[in-house]
$ cat work.txt   # compact mmCIF, C-alpha atoms and all ligand atoms
# COMPACT_ATOMS: atom_id res chain seq x y z
CA MET U 1 55.06 130.37 115.72
CA ILE U 2 56.69 133.42 117.18
CA CYS U 3 59.24 135.66 115.45
CA ALA U 4 61.67 137.93 117.28
CA ASP U 5 63.75 140.91 116.21
CA VAL U 6 65.82 143.53 118.01
CA ASP U 7 64.03 146.39 116.21
CA GLY U 8 60.97 147.43 118.25
CA ALA U 9 59.48 149.63 115.52
CA LYS U 10 59.68 146.74 113.01
CA ILE U 11 57.92 144.39 115.46
CA GLU U 12 55.14 146.93 115.97
CA ARG U 13 54.65 147.26 112.20
CA LEU U 14 54.66 143.48 111.71
CA ASN U 15 52.06 142.93 114.44
CA ALA U 16 49.91 145.44 112.57
CA GLY U 17 50.36 143.34 109.40
CA ASP U 18 52.74 145.79 107.66
CA ILE U 19 55.62 143.68 106.25
CA GLY U 20 57.56 146.75 105.10
CA ILE U 21 59.08 145.11 101.99
CA ARG U 22 57.83 144.12 98.55
CA GLU U 23 57.53 140.33 98.55
CA ASP U 24 54.79 138.63 96.54
CA GLY U 25 52.27 136.79 98.74
CA LEU U 26 54.01 137.53 102.06
CA ALA U 27 51.61 140.19 103.37
CA GLU U 28 48.69 137.80 102.83
CA LEU U 29 50.47 134.97 104.68
CA VAL U 30 51.35 137.22 107.61
CA ALA U 31 47.79 138.59 107.80
CA GLU U 32 46.42 135.03 107.76
CA GLY U 33 48.81 133.88 110.51
CA LEU U 34 48.05 136.91 112.70
CA ALA U 35 44.29 136.54 112.28
CA ALA U 36 44.39 132.82 113.13
CA GLY U 37 46.55 133.52 116.19
CA ARG U 38 49.24 131.18 114.81
CA LEU U 39 51.84 133.91 114.35
CA SER U 40 53.10 136.74 116.49
CA PHE U 41 56.11 139.06 116.68
CA VAL U 42 58.02 140.15 119.80
CA VAL U 43 61.12 142.15 120.62
CA GLY U 44 64.02 139.95 121.71
CA ALA U 45 64.79 136.26 121.18
CA ALA U 46 64.73 135.39 124.88
CA ALA U 47 61.29 137.01 125.22
CA ALA U 48 60.06 134.93 122.25
CA LEU U 49 61.20 131.71 123.89
CA LYS U 50 59.52 132.60 127.18
CA GLU U 51 56.27 133.62 125.55
CA LEU U 52 55.95 130.50 123.40
CA ASP U 53 56.84 128.34 126.40
CA ALA U 54 54.07 129.95 128.45
CA GLU U 55 51.58 129.55 125.61
CA GLY U 56 51.97 125.96 124.51
CA GLY U 57 54.87 124.05 126.02
CA PRO U 58 58.61 124.09 125.36
CA VAL U 59 60.01 125.35 122.07
CA GLU U 60 61.35 122.53 119.90
CA VAL U 61 63.10 124.35 117.06
CA VAL U 62 64.73 127.80 117.00
CA PHE U 63 65.65 129.28 113.61
CA LEU U 64 68.40 131.90 113.50
CA CYS U 65 67.68 134.16 110.51
CA VAL U 66 69.88 137.13 111.35
CA PRO U 67 71.86 139.17 108.81
CA THR U 68 75.49 138.32 108.12
CA PRO U 69 76.61 141.45 106.23
CA MET U 70 79.94 141.94 104.52
CA GLY U 71 82.46 142.84 107.22
CA VAL U 72 86.01 144.22 107.01
CA GLY U 73 87.91 142.77 104.02
CA GLY U 74 84.84 140.87 102.72
CA VAL U 75 84.64 138.48 105.71
CA ALA U 76 81.04 137.72 106.80
CA ASP U 77 80.22 139.65 109.97
CA LEU U 78 78.88 137.12 112.50
CA SER U 79 78.15 139.56 115.33
CA ALA U 80 74.35 139.20 115.02
CA VAL U 81 74.62 135.37 115.16
CA GLU U 82 76.88 135.62 118.20
CA ALA U 83 74.60 138.13 119.94
CA VAL U 84 71.49 135.98 119.58
CA VAL U 85 73.33 132.85 120.77
CA GLU U 86 74.55 134.79 123.79
CA GLU U 87 71.01 136.04 124.49
CA THR U 88 69.33 132.63 124.28
CA ARG U 89 72.05 130.30 125.62
CA ASP U 90 70.61 129.99 129.12
CA VAL U 91 66.92 130.04 128.20
CA LEU U 92 66.81 127.44 125.41
CA PRO U 93 64.60 124.55 126.53
CA LEU U 94 66.20 121.18 127.17
CA GLY U 95 66.74 119.15 124.00
CA CYS U 96 65.69 121.80 121.48
CA VAL U 97 67.37 122.33 118.10
CA VAL U 98 69.06 125.57 116.99
CA VAL U 99 68.93 125.93 113.20
CA ASN U 100 71.11 128.36 111.33
CA LYS U 101 69.36 129.78 108.25
CA SER U 102 71.74 132.71 107.78
CA THR U 103 74.48 132.45 105.15
CA VAL U 104 77.55 131.84 107.29
CA PRO U 105 81.17 130.84 106.78
CA VAL U 106 82.07 127.19 106.97
CA GLY U 107 82.67 126.27 110.61
CA THR U 108 79.92 128.51 112.04
CA ALA U 109 77.80 125.56 113.22
CA ASP U 110 80.73 124.32 115.31
CA HIS U 111 81.40 127.86 116.52
CA THR U 112 77.71 128.22 117.49
CA ALA U 113 77.77 124.89 119.38
CA GLU U 114 80.87 126.04 121.24
CA LEU U 115 79.32 129.40 122.15
CA LEU U 116 76.14 127.66 123.30
CA GLY U 117 78.05 125.19 125.45
CA ARG U 118 74.92 123.01 125.69
CA ASP U 119 75.32 119.27 125.00
CA ASP U 120 71.55 118.82 125.01
CA VAL U 121 70.95 121.33 122.17
CA GLY U 122 71.55 120.15 118.59
CA VAL U 123 73.01 122.71 116.17
CA VAL U 124 71.92 122.36 112.54
CA SER U 125 72.79 124.25 109.37
CA ASN U 126 69.80 124.70 107.01
CA PRO U 127 70.64 127.30 104.36
CA GLU U 128 67.90 129.05 102.39
CA PHE U 129 67.82 129.45 98.61
CA LEU U 130 65.00 131.99 98.27
CA ARG U 131 65.14 134.77 95.71
CA GLU U 132 64.01 138.23 96.74
CA GLY U 133 60.64 139.02 95.22
CA SER U 134 59.62 135.36 94.86
CA ALA U 135 60.63 134.13 98.32
CA VAL U 136 57.21 132.73 99.24
CA HIS U 137 56.96 130.77 95.99
CA ASP U 138 60.54 129.51 96.36
CA PHE U 139 59.89 128.45 99.96
CA LEU U 140 56.82 126.45 99.01
CA HIS U 141 58.40 124.93 95.87
CA PRO U 142 62.04 124.34 96.78
CA ASP U 143 64.44 122.67 94.36
CA ARG U 144 66.02 121.02 97.40
CA ILE U 145 66.29 121.12 101.17
CA VAL U 146 69.77 121.06 102.68
CA VAL U 147 70.27 120.12 106.32
CA GLY U 148 73.66 119.55 107.95
CA SER U 149 74.84 118.75 111.43
CA ASN U 150 78.05 117.51 113.01
CA SER U 151 77.00 117.01 116.59
CA SER U 152 73.50 115.72 116.09
CA PRO U 153 72.35 113.84 112.95
CA GLU U 154 69.12 113.13 114.83
CA ALA U 155 68.50 116.90 115.17
CA ALA U 156 69.16 117.25 111.41
CA GLU U 157 66.52 114.62 110.69
CA ARG U 158 64.02 116.43 112.93
CA VAL U 159 64.60 119.63 110.94
CA ALA U 160 64.36 117.84 107.57
CA ALA U 161 61.02 116.37 108.70
CA LEU U 162 59.60 119.91 109.01
CA TYR U 163 59.87 120.22 105.21
CA ALA U 164 58.71 116.70 104.33
CA ARG U 165 55.31 117.94 103.10
CA LEU U 166 57.01 119.97 100.35
CA GLY U 167 58.29 116.78 98.71
CA ALA U 168 61.67 118.23 97.69
CA PRO U 169 64.89 116.22 97.44
CA THR U 170 66.71 116.49 100.75
CA VAL U 171 70.46 116.55 101.22
CA LEU U 172 71.34 115.40 104.73
CA THR U 173 74.97 116.08 105.37
CA ASP U 174 77.57 117.41 107.79
CA ALA U 175 77.50 121.06 108.86
CA ALA U 176 80.52 122.19 106.82
CA SER U 177 79.06 120.76 103.60
CA ALA U 178 75.66 122.38 104.24
CA GLU U 179 77.33 125.74 104.86
CA LEU U 180 79.47 125.38 101.75
CA ILE U 181 76.51 124.34 99.55
CA LYS U 182 74.96 127.79 100.05
CA TYR U 183 78.12 129.69 99.10
CA ALA U 184 78.95 127.30 96.27
CA ALA U 185 75.46 127.75 94.77
CA ASN U 186 75.39 131.55 94.97
CA CYS U 187 78.96 131.87 93.68
CA PHE U 188 78.19 129.50 90.81
CA LEU U 189 75.22 131.68 89.84
CA ALA U 190 77.47 134.75 89.98
CA MET U 191 80.05 132.97 87.84
CA LYS U 192 77.37 132.00 85.30
CA LEU U 193 76.34 135.65 85.01
CA SER U 194 79.88 136.96 84.71
CA TYR U 195 80.48 134.35 82.03
CA VAL U 196 77.37 135.41 80.14
CA ASN U 197 78.32 139.09 80.38
CA ALA U 198 81.79 138.24 79.03
CA ILE U 199 80.26 136.21 76.17
CA ALA U 200 77.97 139.19 75.44
CA GLU U 201 81.04 141.40 75.08
CA LEU U 202 82.57 138.85 72.74
CA CYS U 203 79.32 138.78 70.73
CA GLU U 204 79.65 142.53 70.16
CA ARG U 205 83.18 142.10 68.87
CA LEU U 206 82.28 139.16 66.62
CA ASP U 207 78.91 140.40 65.33
CA ALA U 208 77.07 137.56 67.03
CA ASP U 209 73.78 137.85 68.92
CA ILE U 210 73.78 137.00 72.63
CA ALA U 211 70.05 136.10 72.66
CA ASP U 212 70.64 133.37 70.06
CA VAL U 213 73.89 132.26 71.69
CA THR U 214 72.32 131.83 75.15
CA GLU U 215 69.22 130.17 73.69
CA GLY U 216 71.47 127.69 71.91
CA MET U 217 73.52 127.12 75.06
CA GLY U 218 70.51 126.81 77.33
CA TYR U 219 68.87 123.90 75.50
CA ASP U 220 71.75 121.81 76.79
CA LYS U 221 70.19 120.40 79.97
CA ARG U 222 73.55 120.54 81.70
CA ILE U 223 73.52 124.34 81.25
CA GLY U 224 69.81 125.27 81.38
CA GLN U 225 68.07 128.44 80.15
CA SER U 226 67.90 130.28 83.46
CA PHE U 227 70.46 132.81 84.68
CA LEU U 228 71.69 133.43 81.15
CA SER U 229 70.43 137.01 80.67
CA PRO U 230 73.22 139.56 80.25
CA GLY U 231 72.86 142.79 82.16
CA PRO U 232 74.64 145.71 83.79
CA GLY U 233 76.30 143.30 86.24
CA TRP U 234 74.92 141.25 89.12
CA GLY U 235 74.12 142.71 92.52
CA GLY U 236 71.74 142.59 95.46
CA SER U 237 72.20 141.76 99.10
CA CYS U 238 73.46 138.20 98.47
CA LEU U 239 75.69 137.52 95.47
CA PRO U 240 78.20 140.36 96.07
CA LYS U 241 78.44 139.59 99.80
CA ASP U 242 78.67 135.83 99.33
CA THR U 243 81.28 135.90 96.56
CA HIS U 244 83.53 138.06 98.75
CA ALA U 245 82.86 135.89 101.80
CA LEU U 246 83.73 132.64 99.96
CA LEU U 247 86.92 134.26 98.70
CA GLN U 248 87.81 134.93 102.34
CA VAL U 249 86.85 131.38 103.35
CA ALA U 250 89.12 130.06 100.58
CA ASP U 251 91.91 132.42 101.60
CA ALA U 252 91.72 131.24 105.18
CA ALA U 253 91.97 127.64 103.91
CA ASP U 254 95.08 128.66 101.95
CA PHE U 255 93.34 128.16 98.60
CA GLU U 256 93.74 130.76 95.88
CA PHE U 257 90.28 130.74 94.29
CA ARG U 258 91.20 132.45 90.99
CA LEU U 259 87.98 131.56 89.23
CA LEU U 260 85.93 133.29 91.91
CA ARG U 261 88.19 136.34 91.92
CA ALA U 262 87.81 136.58 88.13
CA THR U 263 84.01 136.29 88.57
CA ILE U 264 84.02 139.34 90.88
CA ASP U 265 86.49 141.31 88.75
CA THR U 266 84.47 140.63 85.59
CA ASN U 267 81.42 142.05 87.35
CA THR U 268 83.22 145.20 88.55
CA ARG U 269 84.45 145.70 84.99
CA GLN U 270 80.90 145.25 83.69
CA PHE U 271 79.73 148.44 85.46
CA GLN U 272 82.49 150.39 83.69
CA ARG U 273 81.73 148.65 80.40
CA ILE U 274 78.14 149.91 80.61
CA VAL U 275 79.40 153.45 81.23
CA ASP U 276 81.73 153.14 78.23
CA LYS U 277 78.79 151.97 76.13
CA ILE U 278 76.72 154.97 77.22
CA ARG U 279 79.66 157.30 76.56
CA LEU U 280 80.11 155.98 73.02
CA ALA U 281 76.37 156.21 72.32
CA VAL U 282 76.08 159.77 73.64
CA THR U 283 79.33 161.35 72.46
CA GLY U 284 80.15 159.14 69.47
CA LYS U 285 83.65 158.64 70.93
CA ARG U 286 85.22 156.02 73.17
CA THR U 287 86.80 158.71 75.34
CA GLY U 288 84.23 161.49 74.89
CA PRO U 289 83.48 163.66 77.94
CA LEU U 290 80.26 162.99 79.82
CA SER U 291 80.34 166.25 81.77
CA ARG U 292 77.13 168.25 81.30
CA LYS U 293 75.48 165.27 79.57
CA ARG U 294 72.04 164.49 80.99
CA ILE U 295 71.08 160.88 81.36
CA ALA U 296 67.80 159.29 82.52
CA LEU U 297 68.12 155.97 84.34
CA LEU U 298 65.10 153.67 84.21
CA GLY U 299 65.29 151.07 86.98
CA LEU U 300 67.22 151.61 90.21
CA THR U 301 66.56 148.41 92.18
CA PHE U 302 69.04 145.53 91.88
CA LYS U 303 66.58 143.55 89.75
CA ALA U 304 62.90 143.66 88.81
CA GLY U 305 60.26 142.47 91.28
CA THR U 306 61.87 143.97 94.36
CA ASP U 307 62.14 147.37 96.06
CA ASP U 308 65.67 146.59 97.26
CA VAL U 309 68.49 148.91 96.15
CA ARG U 310 71.24 147.27 98.21
CA ASP U 311 74.31 146.70 96.03
CA SER U 312 72.25 147.58 92.98
CA PRO U 313 74.21 147.42 89.70
CA ALA U 314 72.05 150.38 88.57
CA LEU U 315 73.46 152.50 91.39
CA ALA U 316 77.01 151.29 90.69
CA VAL U 317 76.63 152.44 87.08
CA ALA U 318 75.05 155.70 88.31
CA ALA U 319 78.02 156.36 90.60
CA LEU U 320 80.47 155.92 87.71
CA LEU U 321 78.38 158.20 85.47
CA ARG U 322 78.27 160.88 88.20
CA GLY U 323 82.02 160.48 88.67
CA ALA U 324 82.43 161.19 84.94
CA GLY U 325 80.42 164.40 85.36
CA ALA U 326 77.00 163.32 83.99
CA ARG U 327 73.77 164.73 85.47
CA LEU U 328 71.26 162.03 86.30
CA THR U 329 67.51 161.75 86.48
CA GLY U 330 65.80 158.49 87.34
CA PHE U 331 62.59 156.51 87.55
CA ASP U 332 61.78 153.18 89.18
CA PRO U 333 58.29 151.74 89.79
CA GLN U 334 59.30 151.00 93.39
CA ILE U 335 61.30 154.13 94.25
CA PRO U 336 59.19 157.24 94.85
CA PRO U 337 60.69 160.72 94.46
CA GLY U 338 62.23 161.72 97.80
CA ASP U 339 62.96 158.10 98.80
CA PRO U 340 65.56 158.61 101.56
CA ARG U 341 67.70 155.77 100.17
CA ILE U 342 68.59 157.81 97.06
CA ASP U 343 70.42 161.10 97.48
CA HIS U 344 68.45 163.67 95.47
CA SER U 345 71.63 165.50 94.43
CA PHE U 346 72.96 162.17 93.09
CA ILE U 347 69.89 161.12 91.05
CA ASP U 348 66.84 163.35 90.60
CA VAL U 349 64.11 160.70 90.94
CA HIS U 350 60.79 161.33 89.15
CA ALA U 351 57.34 159.81 89.55
CA ASP U 352 57.12 158.67 85.91
CA PRO U 353 59.54 157.86 83.11
CA TYR U 354 58.33 160.71 80.88
CA ALA U 355 59.25 163.36 83.47
CA ALA U 356 62.65 161.70 84.01
CA ALA U 357 63.37 161.81 80.24
CA VAL U 358 62.72 165.52 79.63
CA GLY U 359 65.69 167.05 77.83
CA VAL U 360 68.10 164.14 78.41
CA ASP U 361 70.82 163.03 76.01
CA ALA U 362 70.03 159.35 76.58
CA VAL U 363 67.73 156.99 78.43
CA VAL U 364 69.36 153.95 80.03
CA ILE U 365 67.38 150.83 81.01
CA LEU U 366 69.09 149.29 84.05
CA THR U 367 66.46 146.99 85.59
CA GLU U 368 64.25 144.52 83.71
CA TRP U 369 60.90 145.91 84.93
CA PRO U 370 58.33 144.60 82.39
CA GLU U 371 56.50 147.96 82.47
CA PHE U 372 59.41 149.61 80.64
CA ARG U 373 58.40 147.58 77.58
CA THR U 374 54.99 149.21 77.50
CA VAL U 375 56.19 152.78 78.00
CA ASP U 376 54.80 155.04 75.25
CA TRP U 377 58.07 155.35 73.36
CA GLN U 378 56.57 157.82 70.87
CA ARG U 379 55.86 160.11 73.82
CA MET U 380 59.33 159.48 75.27
CA ALA U 381 60.94 160.28 71.92
CA ALA U 382 59.51 163.79 72.07
CA SER U 383 61.54 164.42 75.26
CA VAL U 384 64.83 162.61 74.66
CA GLY U 385 67.06 165.19 72.96
CA GLY U 386 69.79 162.69 72.08
CA ARG U 387 67.29 160.14 70.69
CA ILE U 388 69.34 157.35 72.27
CA VAL U 389 68.22 154.47 74.47
CA VAL U 390 70.85 152.18 76.00
CA ASP U 391 69.11 148.94 77.00
CA THR U 392 71.46 147.05 79.35
CA ARG U 393 68.89 144.24 79.83
CA ASN U 394 67.92 143.72 76.15
CA LEU U 395 64.37 144.25 77.37
CA LEU U 396 62.84 146.55 74.77
CA ASP U 397 61.44 145.85 71.33
CA ARG U 398 63.94 147.54 69.01
CA ASP U 399 61.38 147.90 66.21
CA VAL U 400 59.05 149.88 68.47
CA LEU U 401 61.89 152.23 69.37
CA ARG U 402 63.02 152.53 65.76
CA ARG U 403 59.51 153.49 64.71
CA ALA U 404 59.56 156.15 67.44
CA GLY U 405 62.77 157.53 65.91
CA LEU U 406 65.01 156.32 68.74
CA THR U 407 68.29 154.44 68.41
CA CYS U 408 68.43 151.46 70.76
CA VAL U 409 71.85 150.22 71.88
CA GLY U 410 71.61 146.79 73.48
CA ILE U 411 74.12 144.42 74.99
CA GLY U 412 75.81 141.55 73.18
CA ARG U 413 74.24 142.32 69.80
CA SER U 414 74.53 144.78 66.97
CA SER U 415 72.21 147.77 67.41
C1 LIG U 501 70.14 135.08 95.23
C2 LIG U 501 69.99 133.61 94.77
O1 LIG U 501 69.45 133.56 93.45
C3 LIG U 501 69.04 132.85 95.73
O2 LIG U 501 68.99 131.49 95.37
C4 LIG U 501 69.60 132.97 97.15
O3 LIG U 501 68.77 132.33 98.11
C5 LIG U 501 69.68 134.44 97.52
O4 LIG U 501 70.56 135.11 96.58
C6 LIG U 501 70.26 134.53 98.91
O5 LIG U 501 71.43 134.19 99.12
O6 LIG U 501 69.51 134.85 99.86
P1 LIG U 501 68.64 137.29 94.95
O7 LIG U 501 69.67 138.01 95.76
O8 LIG U 501 67.21 137.53 95.25
O9 LIG U 501 68.85 135.70 95.09
O10 LIG U 501 68.94 137.70 93.46
P2 LIG U 501 69.00 136.92 92.04
O11 LIG U 501 67.64 136.68 91.52
O12 LIG U 501 69.91 135.76 92.17
O13 LIG U 501 69.69 138.05 91.13
C7 LIG U 501 71.01 138.50 91.46
C8 LIG U 501 71.50 139.48 90.42
O14 LIG U 501 71.75 138.82 89.18
C9 LIG U 501 70.54 140.63 90.10
O15 LIG U 501 71.28 141.83 90.00
C10 LIG U 501 69.93 140.22 88.77
O16 LIG U 501 69.48 141.29 87.99
C11 LIG U 501 71.12 139.53 88.10
N1 LIG U 501 70.73 138.57 87.04
C12 LIG U 501 70.02 137.45 87.34
C13 LIG U 501 71.12 138.82 85.73
O17 LIG U 501 71.79 139.84 85.43
N2 LIG U 501 70.77 137.93 84.74
C14 LIG U 501 70.07 136.80 85.02
O18 LIG U 501 69.81 136.00 84.08
C15 LIG U 501 69.68 136.55 86.34
$ encode --input "work.txt" --output "structure tokens" --more "lines below"
Ligand code: UGA
Amino acid sequence: MICADVDGAKIERLNAGDIGIREDGLAELVAEGLAAGRLSFVVGAAAALKELDAEGGPVEVVFLCVPTPMGVGGVADLSAVEAVVEETRDVLPLGCVVVNKSTVPVGTADHTAELLGRDDVGVVSNPEFLREGSAVHDFLHPDRIVVGSNSSPEAAERVAALYARLGAPTVLTDAASAELIKYAANCFLAMKLSYVNAIAELCERLDADIADVTEGMGYDKRIGQSFLSPGPGWGGSCLPKDTHALLQVADAADFEFRLLRATIDTNTRQFQRIVDKIRLAVTGKRTGPLSRKRIALLGLTFKAGTDDVRDSPALAVAALLRGAGARLTGFDPQIPPGDPRIDHSFIDVHADPYAAAVGVDAVVILTEWPEFRTVDWQRMAASVGGRIVVDTRNLLDRDVLRRAGLTCVGIGRSS
């Protein structure tokens, strides 16, 4: 197998076995593939096709795994898909299959086939459902495989056969349905989280406890226990982009998708709700000023288990706090001080949580890193002037904090 990218420096790093991201088990797999000579990395898709052809006969399947970032107005930007199709159009071997793995708007398979202009090449949509941080596990233990094609059901079956060994249920369908399945799944997950965050707010108003409420909901098999943890809002490189993109897809189809818009709006409001919670905890007032208040943020990535800060809810909350005049310190197990992705004048990032907490009015937990549970809270308490911890993930043991003399404000429960 050969992998291509346009970034020469990345290819050099990958050939040296440096995967450059935190992803459990991936470095080992890459090292194994490189050592066995089964895997290599080259610059340029056309070069990859030529090289593989020279090595062991014509390429049978080409996976497009390029980014489709949020473009103007929330529409998915397809320029990387178009560029790679343009590059490979004339060098794809006769009868091969082009598989789209990227999350793309409905109709992209047809658009790709049109751009290719090759009757002999089947175009197949095969969306991925991997979570960052556990992508290798998710790939090897998929809940389902989805493969769709309009022009070539036979090509779709060839692609499905590649996964047969994994024994997962397979949905063979048309291209539009396959493309929509990916958006529908991610947007449903986003909706589930916005719903839970709204229920958590209701719990606070009604003196109910969100942990018990979600446990009670989750035993219903139709609902399930997963994706029911309230938090500072959902983020990352997928859910925000895909919710906006599906809204645009719906718009273009003349469908006003109110439920999805409310899902996004509820999330945007959640960031502000967390700031309001911090404000109340620190100043004792709903409208108290945050200027000159010092706040330590624990957790800056968009979730635990990753080093990714793209569209991180933690940074969205940080931006609102800065806008309200607060001074911020921070700590994250995956973000070293001086990390170029975080502006030092925005958040002063420290190498450990104790240094980040010196002299602050409050500590705020924003990412569910398990190591925050085992922080020495007695030691932290000696630094935190305001003696307040706002736990937006309901991660900490409140009794431990209480014993340390700290007040813990959670989400969806009484403190
Ligand atoms: C998401 C989907 O879960 C994957 O199935 C999909 O393949 C992927 O997008 C993609 O499109 O590539 P990921 O972006 O890794 O995966 O993130 P999630 O694990 O879904 O978490 C998204 C956000 O929801 C995070 O901010 C996380 O902290 C938050 N979250 C998740 C909660 O607040 N509570 C929960 O119970 C679960």
$ residues_around --input "work.txt" --residues "region 56-58 of chain U" --least-positions-apart "4" --cutoff "10 Å" --atoms "only C-alpha atoms" --output "list in words"
Leu49, Lys50, Glu51, Leu52, Leu92, Pro93, Leu94, Gly95 and Cys96 of chain U
$ write_last_selection --input "work.txt" --atoms "C-alpha atoms" --output "short mmCIF file (atom, residue, chain, number, x, y, z; two decimals), keeping the file's coordinate frame"
data_model
loop_
_atom_site.label_atom_id
_atom_site.label_comp_id
_atom_site.auth_asym_id
_atom_site.auth_seq_id
_atom_site.Cartn_x
_atom_site.Cartn_y
_atom_site.Cartn_z
CA LEU U 49 61.20 131.71 123.89
CA LYS U 50 59.52 132.60 127.18
CA GLU U 51 56.27 133.62 125.55
CA LEU U 52 55.95 130.50 123.40
CA LEU U 92 66.81 127.44 125.41
CA PRO U 93 64.60 124.55 126.53
CA LEU U 94 66.20 121.18 127.17
CA GLY U 95 66.74 119.15 124.00
CA CYS U 96 65.69 121.80 121.48
#
$ closest_residue --input "work.txt" --among "U:Asn126, U:Ser229, U:Thr306, U:Thr173" --to "ligand LIG 501 (chain U)" --atoms "only C-alpha atoms and all ligand atoms"
U:Ser229
$ closest_residue --input "work.txt" --among "U:Gln378, U:Thr112, U:Gln272, U:Thr392" --to "ligand LIG 501 (chain U)" --atoms "only C-alpha atoms and all ligand atoms"
U:Thr392
$ axis_aligned_box --input "work.txt" --around "ligand LIG 501 (chain U)" --padding-each-side "4 Å" --output "AutoDock Vina command-line options"
--center_x 69.5 --center_y 136.7 --center_z 92.0 --size_x 12.6 --size_y 18.3 --size_z 23.8
$ residues_near_ligand --input "work.txt" --ligand "ligand LIG 501 (chain U)" --cutoff "7 Å" --atoms "all atoms listed in the file" --output "PyMOL selection string"
chain U and resi 103+128-133+186+193+226-239+302-303+312-313+367
$ atom_distance --input "work.txt" --atom1 "CA of Ser40 (chain U)" --atom2 "CA of Ile2 (chain U)"
4.9 Å
$ residues_around --input "work.txt" --residues "region 328-343 of chain U" --least-positions-apart "5" --cutoff "7 Å" --atoms "all atoms listed in the file" --output "ChimeraX atom specification"
/U:294-300,307,348-353,356
$ decode --input "work.txt" --residues "region 238-242 of chain U" --atoms "all heavy atoms" --output "PDB file, in the first residue's frame"
ATOM      1  N   CYS U 238     -14.840  17.628  13.271  1.00  0.00           N
ATOM      2  CA  CYS U 238     -15.912  16.981  12.493  1.00  0.00           C
ATOM      3  C   CYS U 238     -17.306  17.513  12.781  1.00  0.00           C
ATOM      4  O   CYS U 238     -17.992  17.996  11.889  1.00  0.00           O
ATOM      5  CB  CYS U 238     -15.866  15.481  12.724  1.00  0.00           C
ATOM      6  SG  CYS U 238     -14.273  14.770  12.295  1.00  0.00           S
ATOM      7  N   LEU U 239     -17.753  17.413  14.041  1.00  0.00           N
ATOM      8  CA  LEU U 239     -19.163  17.751  14.305  1.00  0.00           C
ATOM      9  C   LEU U 239     -19.509  19.203  13.930  1.00  0.00           C
ATOM     10  O   LEU U 239     -20.533  19.422  13.274  1.00  0.00           O
ATOM     11  CB  LEU U 239     -19.539  17.459  15.771  1.00  0.00           C
ATOM     12  CG  LEU U 239     -19.397  16.010  16.275  1.00  0.00           C
ATOM     13  CD1 LEU U 239     -20.150  15.820  17.599  1.00  0.00           C
ATOM     14  CD2 LEU U 239     -19.863  14.985  15.278  1.00  0.00           C
ATOM     15  N   PRO U 240     -18.684  20.200  14.296  1.00  0.00           N
ATOM     16  CA  PRO U 240     -19.043  21.574  13.908  1.00  0.00           C
ATOM     17  C   PRO U 240     -19.104  21.748  12.388  1.00  0.00           C
ATOM     18  O   PRO U 240     -20.063  22.304  11.843  1.00  0.00           O
ATOM     19  CB  PRO U 240     -17.927  22.430  14.514  1.00  0.00           C
ATOM     20  CG  PRO U 240     -17.406  21.621  15.655  1.00  0.00           C
ATOM     21  CD  PRO U 240     -17.513  20.191  15.194  1.00  0.00           C
ATOM     22  N   LYS U 241     -18.093  21.201  11.715  1.00  0.00           N
ATOM     23  CA  LYS U 241     -18.033  21.334  10.242  1.00  0.00           C
ATOM     24  C   LYS U 241     -19.215  20.608   9.585  1.00  0.00           C
ATOM     25  O   LYS U 241     -19.859  21.144   8.684  1.00  0.00           O
ATOM     26  CB  LYS U 241     -16.694  20.735   9.803  1.00  0.00           C
ATOM     27  CG  LYS U 241     -16.580  20.311   8.374  1.00  0.00           C
ATOM     28  CD  LYS U 241     -15.184  19.829   8.076  1.00  0.00           C
ATOM     29  CE  LYS U 241     -14.958  18.346   8.339  1.00  0.00           C
ATOM     30  NZ  LYS U 241     -15.571  17.415   7.421  1.00  0.00           N
ATOM     31  N   ASP U 242     -19.510  19.404  10.070  1.00  0.00           N
ATOM     32  CA  ASP U 242     -20.534  18.594   9.402  1.00  0.00           C
ATOM     33  C   ASP U 242     -21.956  19.099   9.676  1.00  0.00           C
ATOM     34  O   ASP U 242     -22.833  18.982   8.815  1.00  0.00           O
ATOM     35  CB  ASP U 242     -20.404  17.114   9.805  1.00  0.00           C
ATOM     36  CG  ASP U 242     -19.095  16.516   9.285  1.00  0.00           C
ATOM     37  OD1 ASP U 242     -18.436  17.181   8.460  1.00  0.00           O
ATOM     38  OD2 ASP U 242     -18.723  15.409   9.708  1.00  0.00           O
TER      39      ASP U 242
END
